[in-house]
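What follows is a short report on a single structure.
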Amino acid sequence: MRNMTCTAKDQTAYQARRRYIRALLNGEDGAAFQVIDELLRARSSLGDLYLQLLTPALVRIGQLWCDEEIGVGLEKLASHLVLKHMDRLRGMYAHEERRLPNHVLVSCIEGEQHFIGARMVADLFLAKGWSVDFLGPDVPTPALFDTIKMRQPQLVALSVRTATGVGHARLLVEELTTLEAAPKIILGGQAMAQNEWAQDGACAVARDAVEGVDIAGKLLQLERPKAVLKEYLIGLGQQVRELRNRKGWTQEQLSECTQLTRASIVAVEGGKQNVSMDLVIRLANALETSPEDLLSGKRSLPS
């Protein structure tokens with residue numbers, strides 16, 4: 001039974017990737033994001049979406065371009081749509097109201113032009129409540145060092161895809177260890193998968209974006225404060241209650257519209273229930289708002 005379940009899940013993921021890639025290659029933004037929306041309703045996490053859908057899609061499209069089965073224009077269109085979807089997902093998961101004191105700087109090393117993987121890392125840190133400085137592609141080593149020295153992040157996450165990039169990364173790490181408040185460092189990217197490299201416990205290698213965020217917590221021995229999560233859930237509950245009252249609905253009416261139990265509505269409005277993305281989407285649709293606005297906990301609501 002377990003093998004059958006795993007096979008069914010794998011098949012579902014495979015079909016989702018096929019539909020997503022096909023929509024990207026056809027330039028169908030809506031159809032592509034519909035695949036993401038379905039996975040959100042199935043309770044996929046942001047990390048799941050990035051690692052199991054968007055990344056494989058980008059790899060496949062890159063292969064098609066390398067094999068000259070598609071042109072560079074179509075490859076760039078698909079990449080643009082993926083970035084557009086990432087922007088929308090980031091709006092759902094990352095909010096200034098939930099920022100923690102944890103601070104990470106994410107950047108591509110000098111000469112590294114491909115930045116979407118690093119952007120995924122930055123987004124996942126944002127979703128965890130970190131303050132994030134994202135510098136993007138091809139940052140010269142001296143400029144990167146100066147920015148880190150000025151911004152003083154607790155953690156630096158670097159994308160390294162080429163052998164040349166490994167050399168730049170080594171030089172930067174050596175310079176960073178001379179700082180009085182030297183940050184912890186995580187290296188990731190295609191080149192690092194083939195280089196076992198750690199330096200005095202201040203440098204670690206991550207195989208993917210999700211592992212990078214997990215390693216960060218271990219390096220800095222961090223735990224998300226329960227008080228922050230409680231405050232966020234209370235804010236979300238107030239947002240739901242205000243929107244429901246503006247529609248003149250009772251909790252029973254909202255329950256019926258969302259197909260959630262009244263007890264769930266009571267718990268959400270009271271800030272006493274953790275929420276899945278599926279639950280957020282149901283509430284947002286019923287209350288005629290976007291998941292992004294509902295999750296933001298804004299108090300200034302339209303009349």
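Ligands are numbered from 1 in the order shown, chains are lettered A, B, ... in the order of the structure tokens, and residues start at 1 in each chain.
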Neighbouring residues of A:Ala127 were defined as those with any atom within 10 Å, considering only C-alpha atoms; residues of the same chain fewer than 4 positions away were excluded. Please report them as a PyMOL selection string. chain A and resi 46-47+89-95+98-99+121-123+131
Find the nearest atom pair between each residue of stretch 19-137 of chain A and stretch 160-176 of chain A for residues within 12 Å, count only C-alpha atoms, give distances in Å to one decimal, sort rows by chain and ascending number, and present the table as CSV.
residue,atom,partner,partner_atom,distance
A:Val106,CA,A:Val160,CA,11.5
A:Ser107,CA,A:Val160,CA,9.4
A:Cys108,CA,A:Val160,CA,6.6
A:Ile109,CA,A:Val160,CA,6.1
A:Glu110,CA,A:Gly165,CA,6.5
A:Gly111,CA,A:Gly165,CA,6.6
A:Glu112,CA,A:Arg161,CA,6.8
A:Gln113,CA,A:Arg161,CA,9.2
A:His114,CA,A:Arg161,CA,8.3
A:Phe115,CA,A:Arg161,CA,9.9
A:Ile116,CA,A:Arg161,CA,11.9
A:Gly117,CA,A:Arg161,CA,10.1
A:Ala118,CA,A:Val160,CA,9.4
A:Pro137,CA,A:Val160,CA,10.5
Alpha helix (DSSP H) call set, DSSP backbone run, stretch 74-258 of chain A, as number ranges by chain: A: 74-93, 116-127, 141-151, 163-176, 209-220, 226-246, 251-258
Taking the backbone alone, and naming residues the way the document does, which bits of stretch 7-256 of chain A are strand (DSSP E or B) by DSSP, as a PyMOL selection string? chain A and resi 103-108+131-134+155-159+184-188+203-206
Residues at most 6 Å from stretch 204-207 of chain A, counting only C-alpha atoms, excluding those fewer than 5 positions away in the same chain, as a count of residues only? 5
I'd like the contact shell of A:Arg151 - 10 Å cut-off, only C-alpha atoms, skipping same-chain residues fewer than 6 positions apart - returned as a ChimeraX atom specification. /A:103-105,133,145
With C-alpha atoms kept, could you save the residues just selected as a CSV table (one decimal), in the first residue's frame?
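result.csv, written as the output of this step:
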chain,number,residue,atom,x,y,z
A,103,HIS,CA,19.3,38.6,8.8
A,104,VAL,CA,20.7,36.9,5.7
A,105,LEU,CA,22.4,38.2,2.6
A,133,ASP,CA,19.2,41.2,1.3
A,145,PHE,CA,32.7,41.9,0.5
I'd like the neighbourhood of stretch 54-71 of chain A as a JSON list (two decimals) with N, CA and C atoms, in the first residue's frame, where a residue qualifies if any of its atoms comes within 8 Å (using only C-alpha atoms), though same-chain residues fewer than 2 positions away should be ignored.
[["chain", "number", "residue", "atom", "x", "y", "z"],
["A", 17, "ARG", "N", 4.13, 18.59, -13.40],
["A", 17, "ARG", "CA", 5.29, 19.18, -14.08],
["A", 17, "ARG", "C", 5.07, 19.25, -15.58],
["A", 20, "TYR", "N", 2.69, 22.05, -16.33],
["A", 20, "TYR", "CA", 3.32, 23.35, -16.07],
["A", 20, "TYR", "C", 4.30, 23.71, -17.18],
["A", 21, "ILE", "N", 5.13, 22.76, -17.58],
["A", 21, "ILE", "CA", 6.11, 23.02, -18.65],
["A", 21, "ILE", "C", 5.39, 23.33, -19.95],
["A", 49, "LEU", "N", 6.97, 23.45, -3.91],
["A", 49, "LEU", "CA", 6.72, 24.05, -5.21],
["A", 49, "LEU", "C", 8.02, 24.41, -5.92],
["A", 50, "TYR", "N", 8.96, 24.98, -5.17],
["A", 50, "TYR", "CA", 10.21, 25.40, -5.77],
["A", 50, "TYR", "C", 11.06, 24.20, -6.22],
["A", 51, "LEU", "N", 11.13, 23.17, -5.38],
["A", 51, "LEU", "CA", 12.03, 22.05, -5.67],
["A", 51, "LEU", "C", 11.40, 21.00, -6.58],
["A", 52, "GLN", "N", 10.09, 20.81, -6.48],
["A", 52, "GLN", "CA", 9.45, 19.72, -7.20],
["A", 52, "GLN", "C", 8.71, 20.16, -8.46],
["A", 73, "GLY", "N", 14.42, 32.85, -27.34],
["A", 73, "GLY", "CA", 13.28, 33.70, -27.00],
["A", 73, "GLY", "C", 12.26, 32.96, -26.15],
["A", 74, "LEU", "N", 11.96, 31.73, -26.54],
["A", 74, "LEU", "CA", 10.99, 30.94, -25.79],
["A", 74, "LEU", "C", 11.54, 30.56, -24.42],
["A", 75, "GLU", "N", 12.85, 30.30, -24.37],
["A", 75, "GLU", "CA", 13.48, 29.99, -23.08],
["A", 75, "GLU", "C", 13.38, 31.17, -22.13],
["A", 78, "ALA", "N", 9.71, 31.62, -20.88],
["A", 78, "ALA", "CA", 9.39, 30.66, -19.82],
["A", 78, "ALA", "C", 10.03, 31.08, -18.50],
["A", 79, "SER", "N", 11.28, 31.52, -18.55],
["A", 79, "SER", "CA", 11.96, 31.96, -17.33],
["A", 79, "SER", "C", 11.27, 33.17, -16.73],
["A", 82, "VAL", "N", 8.18, 32.03, -14.89],
["A", 82, "VAL", "CA", 8.53, 31.41, -13.61],
["A", 82, "VAL", "C", 8.83, 32.48, -12.56],
["A", 117, "GLY", "N", 17.89, 30.32, -8.88],
["A", 117, "GLY", "CA", 18.10, 29.45, -7.73],
["A", 117, "GLY", "C", 18.37, 30.25, -6.46]]
Using only C-alpha atoms, which residue out of A:Val268, A:Val240, A:Ile36, A:Leu219 lies closest to A:Arg88? A:Ile36
Each residue of stretch 33-116 of chain A with at least one atom at most 8 Å from stretch 277-290 of chain A should appear once, together with its nearest atom pair and the corresponding distance in Å (one decimal); atoms considered: only C-alpha atoms; ordering: chain, then increasing residue number; output as JSON lines.
{"residue": "A:Leu40", "atom": "CA", "partner": "A:Met277", "partner_atom": "CA", "distance": 6.0}
{"residue": "A:Arg41", "atom": "CA", "partner": "A:Asp278", "partner_atom": "CA", "distance": 4.2}
{"residue": "A:Ala42", "atom": "CA", "partner": "A:Asp278", "partner_atom": "CA", "distance": 6.7}
{"residue": "A:Arg43", "atom": "CA", "partner": "A:Asp278", "partner_atom": "CA", "distance": 6.0}
Take the residues from that selection and put them in a file with N, CA and C atoms, as a PDB file, in the first residue's frame.
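Generated output (part.pdb):
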ATOM      1  N   LEU A  40      -1.128  24.128  -4.309  1.00  0.00           N
ATOM      2  CA  LEU A  40      -1.332  24.847  -3.051  1.00  0.00           C
ATOM      3  C   LEU A  40      -2.540  24.297  -2.306  1.00  0.00           C
ATOM      4  N   ARG A  41      -3.592  24.034  -3.051  1.00  0.00           N
ATOM      5  CA  ARG A  41      -4.798  23.477  -2.431  1.00  0.00           C
ATOM      6  C   ARG A  41      -4.540  22.076  -1.876  1.00  0.00           C
ATOM      7  N   ALA A  42      -3.583  21.391  -2.478  1.00  0.00           N
ATOM      8  CA  ALA A  42      -3.205  20.058  -1.985  1.00  0.00           C
ATOM      9  C   ALA A  42      -2.168  20.153  -0.866  1.00  0.00           C
ATOM     10  N   ARG A  43      -1.957  21.378  -0.368  1.00  0.00           N
ATOM     11  CA  ARG A  43      -1.091  21.652   0.783  1.00  0.00           C
ATOM     12  C   ARG A  43       0.396  21.481   0.487  1.00  0.00           C
TER      13      ARG A  43
END
